[in-house]
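J.: Before I ask anything, here is the structure I am working with.
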Number of protein chains: 2
Amino acid sequence: MSESSIRFEDVLSAVEVIRGVAHRTPVVTCRTLDDLAGRRLFFKAENLQKVGAFKFRGAFNAVSRLSDEAAAAGVVTHSSGNHAQALALAARMRGIPAFIVMPRTASPVKQAAVRDYGAEVVLCEPTLAARESTAAEVQQRTGATFIHPYDHPHIIAGQGTATLELVEQVDELGVSLSAVIAPVGGGGLLSGTTIAAHGLNRGLRVFAAEPVGADDAARSKAAGEFVPQTSPNTIADGLLTSLGQLTWPIIRDQVEQIITVSDEQIVAAMRLLWERAKLLIEPSSAVVLAAVLDDRFRELPDIDSVGLILSGGNVNLDKLPW
Amino acid sequence: MSESSIRFEDVLSAVEVIRGVAHRTPVVTCRTLDDLAGRRLFFKAENLQKVGAFKFRGAFNAVSRLSDEAAAAGVVTHSSGNHAQALALAARMRGIPAFIVMPRTASPVKQAAVRDYGAEVVLCEPTLAARESTAAEVQQRTGATFIHPYDHPHIIAGQGTATLELVEQVDELGVSLSAVIAPVGGGGLLSGTTIAAHGLNRGLRVFAAEPVGADDAARSKAAGEFVPQTSPNTIADGLLTSLGQLTWPIIRDQVEQIITVSDEQIVAAMRLLWERAKLLIEPSSAVVLAAVLDDRFRELPDIDSVGLILSGGNVNLDKLPW
């Protein structure tokens with residue numbers, strides 16, 4: 001499927017699918033953070049989404065679009081993060097099986113969370129090759145449909161719904177956003193954000209924030225060609241993966257700039273969001289504030305107001321990074 | 001001033017005063033917590049209010065109602081908690097001085113937070129007598145108006161606005177609340193909640209949650225007469241004070257039941273709200289969930305849905321209670 005197969009209409013259609021099911025998460029503002037950024041900031045609090053992350057939007061959209069026949073055999077994915085829980089919940093809501101391939105090294109807490117949503121956990125060796133081959137085996141054995149965590153058109157369209165809501169909610173406050181910024185890992189959220197933003201308004205500028213320790217998107221963009229992520233090393237554990245075949249061209253062509261930030265900046269931004277805005281978010285969410293507070297972003301002209309997508313709030317409360 | 005001087009109309013009037021100034025904080029739901037409670041729960045997230053607590057509502061209402069002449073001399077209060085910051089901010093927004101009497105033992109962080117809002121901190125000995133006499137001295141010296149943290153009609157009316165919003169927001173979700181529950185310390189929030197709830201609907205049941213270690217309201221209610229709080233001992237440090245002359249009669253006559261909870265229950269509820277609902281709230285907020293999960297509340301008949309007022313989110317992130 002080519003990139004052009006994901007259109008603004010697909011995001012609008014996803015809005016209808018998730019209406020009344022996904023939370024219309026609040027937009028939060030904080031004067032202290034505005035002052036630090038030198039601009040008005042509007043935080044889309046996807047940490048308050050079902051399963052604690054935007055991932056529910058895409059997963060529910062994808063599961064809803066399966067034919068009854070396909071749905072009966074269930075869905076399968078490989079993920080140890082928020083997509084796993086999101087797909088498990090979406091499958092349970094439709095009353096179909098979900099098979100989640102996770103590395104043996106995934107924490108018992110994460111495995112339990114997925115089982116709590118009624119999914120079957122299938123363990124494998126902690127390599128990408130093992131994850132993919134195990135998922136393929138499950139697919140063959142069960143007939144389940146594979147739902148990729150990010151490189152899937154219904155996932156991307158679903159993630160875009162957060163940006164439609166954000167722009168609408170900020171409009172209700174009487175403000176017209178100059179720019180939006182989303183974190184980038186595999187690029188599902190960022191691609192959906194881009195399609196939604198530019199579908200609404202060609203002039204709405206789209207930025208991404210990425211950890212220095214997993215900067216494949218920034219390097220791909222600089223090189224003008226896809227560069228895979230190898231040996232990522234960052235506290236933002238939701239942003240470790242490479243871009244995908246669908247997400248890379250969208251990001252290449254439509255994202256204005258990718259701002260990379262250090263783990264030190266990420267932890268400082270996370271603490272600001274907790275302490276000043278009372279937003280309990282994970283490090284992968286904090287990258288967007290870290291980027292907006294970075295000089296490279298601060299020096300950009302003609303940006304009065306920024307919408308920041310806070311991707312999720314799944315953190316280990318016994319191991320906070322300060 | 002007698003209790004009858006605070007009417008539902010005063011809350012409606014406060015709504016107009018704070019409109020566009022205080023945040024209309026979101027109402028958050030969480031299926032996991034619904035399942036634990038056996039009912040639908042709707043959390044009014046006042047941790048996302050300005051200064052991180054509902055206190056801004058009352059403080060802004062009280063400061064707004066001063067005549068220009070009275071306002072010019074400023075406002076004074078004694079508080080080392082959220083009311084101090086709320087009054088400081090409300091005063092700054094009106095461009096008038098604020099004098100905040102705090103015990104010498106108040107943490108430097110809390111003193112700095114109040115000074116950051118432009119207020120003058122006046123230190124005193126850490127006794128109630130010293131706080132009151134110091135505030136009286138400041139009042140005499142400066143002509144500032146004393147704004148009591150809770151036993152003040154404009155404060156009570158302002159705090160009631162949270163409940164008006166809550167009921168309206170839950171209505172928008174197609175649900176008619178059976179009951180509301182608020183924490184009780186001095187009783188300003190609880191009194192405002194009661195007046196707002198019963199002004200909207202006489203049949204809306206009002207409950208309170210209180211720490212066992214500061215249970216003067218429950219004891220007052222049981223005795224049928226005002227019992228002051230002595231030697232409080234609880235992690236819920238926003239709920240240590242005695243009821244007031246205005247708040248006690250309202251609570252005596254109109255609150256159905258006060259549920260007391262242990263610090264252990266409070267910490268468990270706080271962790272649930274952080275971990276499952278991603279709501280960064282302080283222990284004084286967690287008491288309401290602790291009460292709703294307690295058997296004494298669970299066994300109450302005819303309550304399908306409960307609105308819970310989460311009072312604030314000002315916690316020391318370096319000293320979490322788990």
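Residue numbers start at 1 in each chain; chains themselves are named A, B, ... in the order of the structure tokens; ligands are numbered from 1 in the order shown.
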List every residue of range 29-65 of chain B that DSSP, applied to the backbone, labels as helix (DSSP H, G or I), and write the result as a compact mmCIF listing (two decimals) with N, CA and C atoms, in the first residue's frame.
T.:
```txt
# COMPACT_ATOMS: atom_id res chain seq x y z
N ARG B 31 -12.30 3.15 33.76
CA ARG B 31 -13.08 1.93 33.90
C ARG B 31 -12.57 1.03 35.03
N THR B 32 -11.27 0.97 35.17
CA THR B 32 -10.70 0.11 36.21
C THR B 32 -11.18 0.54 37.60
N LEU B 33 -11.22 1.84 37.82
CA LEU B 33 -11.65 2.33 39.13
C LEU B 33 -13.17 2.15 39.30
N ASP B 34 -13.92 2.30 38.20
CA ASP B 34 -15.36 1.99 38.26
C ASP B 34 -15.57 0.56 38.74
N ASP B 35 -14.78 -0.36 38.16
CA ASP B 35 -14.95 -1.77 38.51
C ASP B 35 -14.63 -2.00 39.99
N LEU B 36 -13.59 -1.33 40.47
CA LEU B 36 -13.23 -1.49 41.88
C LEU B 36 -14.31 -0.94 42.81
N ALA B 37 -14.94 0.15 42.39
CA ALA B 37 -15.94 0.80 43.24
C ALA B 37 -17.32 0.18 43.09
N GLU B 46 -9.38 18.95 39.82
CA GLU B 46 -8.96 20.27 40.26
C GLU B 46 -7.44 20.36 40.48
N ASN B 47 -6.76 19.21 40.37
CA ASN B 47 -5.30 19.27 40.34
C ASN B 47 -4.83 20.01 39.09
N LEU B 48 -5.68 20.08 38.07
CA LEU B 48 -5.32 20.81 36.85
C LEU B 48 -5.80 22.26 36.89
N LYS B 50 -5.63 26.27 38.15
CA LYS B 50 -4.52 27.20 38.40
C LYS B 50 -3.98 27.01 39.81
N VAL B 51 -2.70 27.16 40.01
CA VAL B 51 -1.95 26.86 41.24
C VAL B 51 -2.10 25.39 41.68
N GLY B 52 -2.70 24.58 40.85
CA GLY B 52 -2.76 23.14 41.16
C GLY B 52 -3.78 22.77 42.21
N LYS B 55 -8.45 25.84 45.28
CA LYS B 55 -8.38 27.05 46.11
C LYS B 55 -8.39 28.33 45.28
N PHE B 56 -7.94 28.22 44.02
CA PHE B 56 -7.92 29.42 43.19
C PHE B 56 -9.32 29.97 42.96
N ARG B 57 -10.30 29.09 42.90
CA ARG B 57 -11.68 29.53 42.64
C ARG B 57 -12.14 30.52 43.72
N GLY B 58 -12.04 30.09 44.98
CA GLY B 58 -12.50 30.93 46.07
C GLY B 58 -11.67 32.19 46.22
N ALA B 59 -10.36 32.03 46.08
CA ALA B 59 -9.47 33.19 46.27
C ALA B 59 -9.75 34.25 45.22
N PHE B 60 -9.93 33.81 43.97
CA PHE B 60 -10.19 34.80 42.92
C PHE B 60 -11.54 35.47 43.12
N ASN B 61 -12.52 34.68 43.54
CA ASN B 61 -13.85 35.24 43.81
C ASN B 61 -13.76 36.29 44.93
N ALA B 62 -13.06 35.96 46.00
CA ALA B 62 -12.98 36.88 47.15
C ALA B 62 -12.24 38.16 46.78
N VAL B 63 -11.13 38.03 46.07
CA VAL B 63 -10.35 39.22 45.70
C VAL B 63 -11.14 40.10 44.73
N SER B 64 -11.89 39.46 43.83
CA SER B 64 -12.64 40.23 42.83
C SER B 64 -13.73 41.08 43.47
```
J.: Only residues of chain A matter here; which ones have an atom within 7 Å of chain B, counting only C-alpha atoms? Give them as a PyMOL selection string.
T.: chain A and resi 26+47-48+277-280+313
J.: Would you export the selected residues with N, CA and C atoms as a short mmCIF file (atom, residue, chain, number, x, y, z; two decimals), in the first residue's frame, please?
T.:
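This went into again-v8.cif:
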```
data_model
loop_
_atom_site.label_atom_id
_atom_site.label_comp_id
_atom_site.auth_asym_id
_atom_site.auth_seq_id
_atom_site.Cartn_x
_atom_site.Cartn_y
_atom_site.Cartn_z
N PRO A 26 -8.67 15.91 27.50
CA PRO A 26 -8.63 17.37 27.66
C PRO A 26 -7.36 18.00 27.09
N ASN A 47 -2.28 11.00 27.90
CA ASN A 47 -2.06 10.14 29.07
C ASN A 47 -3.39 9.80 29.74
N LEU A 48 -4.41 10.63 29.51
CA LEU A 48 -5.73 10.36 30.08
C LEU A 48 -6.62 9.56 29.12
N ALA A 277 2.48 21.34 35.72
CA ALA A 277 1.20 21.16 35.03
C ALA A 277 0.39 20.01 35.62
N LYS A 278 0.96 19.28 36.57
CA LYS A 278 0.28 18.13 37.23
C LYS A 278 -0.12 17.07 36.21
N LEU A 279 0.67 16.95 35.16
CA LEU A 279 0.38 15.95 34.13
C LEU A 279 1.33 14.76 34.32
N LEU A 280 0.75 13.62 34.64
CA LEU A 280 1.53 12.42 34.87
C LEU A 280 1.79 11.76 33.52
N GLY A 313 1.01 8.00 29.59
CA GLY A 313 1.39 8.16 30.99
C GLY A 313 1.72 6.85 31.67
#
```
J.: Among range 139-221 of chain B, which residues carry a DSSP assignment of strand (DSSP E), reported as a ChimeraX atom specification?
T.: /B:145-146,179-183,205-211
J.: Please list as a list in words every residue within 9 Å of Ile195 in chain A, counting only C-alpha atoms and excluding residues in the same chain fewer than 6 positions away.
T.: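 Everything that qualifies: Ile6, Arg7, Phe8, Val11, Ile156, Ala157, Gly160, Ile250 and Gln254 of chain A.
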J.: So that I can check the surroundings of range 209-215 of chain B, please list as a PyMOL selection string every protein, DNA and RNA residue that reaches within 6 Å of it, counting only C-alpha atoms and ignoring chain neighbours fewer than 6 positions away.
T.: chain B and resi 183-184+232-234+240+258-262+287-288+291
J.: Tell me, as a list in words, which residues lie within 9 Å of Val75 in chain A, counting only C-alpha atoms; anything in the same chain fewer than 2 positions away does not count.
T.: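 These residues fall inside the cut-off: Val63, Ala70, Ala71, Ala72, Ala73, Thr77, Leu87, Ala88, Ala91, Ile96, Pro97, Ala98, Phe99, Ile100, Gln139, Gly143, Ala144, Thr145, Phe146 and Ile147 of chain A.
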J.: Which residues are near Leu177 in chain B? Cut-off 9 Å, only C-alpha atoms, ignore same chain within fewer than 6 positions. Put them as a PyMOL selection string.
T.: chain B and resi 42+167+170-171+204-205+303-307
J.: For Pro321 in chain A, find every residue with an atom within 10 Å (counting only C-alpha atoms), except residues of its own chain fewer than 6 positions away, and show them as a ChimeraX atom specification.
T.: /A:235,264,267-268,270-271,283
J.: Selection from above, C-alpha atoms, as a PDB file, in the first residue's frame, can you write it?
T.:
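Heads up, here's the output in result-v9.pdb:
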```
ATOM      1  CA  ILE A 235      14.970   6.847  28.648  1.00  0.00           C
ATOM      2  CA  GLU A 264      18.740  15.125  30.461  1.00  0.00           C
ATOM      3  CA  VAL A 267      13.863  14.200  32.341  1.00  0.00           C
ATOM      4  CA  ALA A 268      13.839  17.936  33.095  1.00  0.00           C
ATOM      5  CA  MET A 270       9.052  15.427  32.431  1.00  0.00           C
ATOM      6  CA  ARG A 271       9.576  16.869  35.884  1.00  0.00           C
ATOM      7  CA  PRO A 283       9.390  10.136  29.195  1.00  0.00           C
TER       8      PRO A 283
END
```
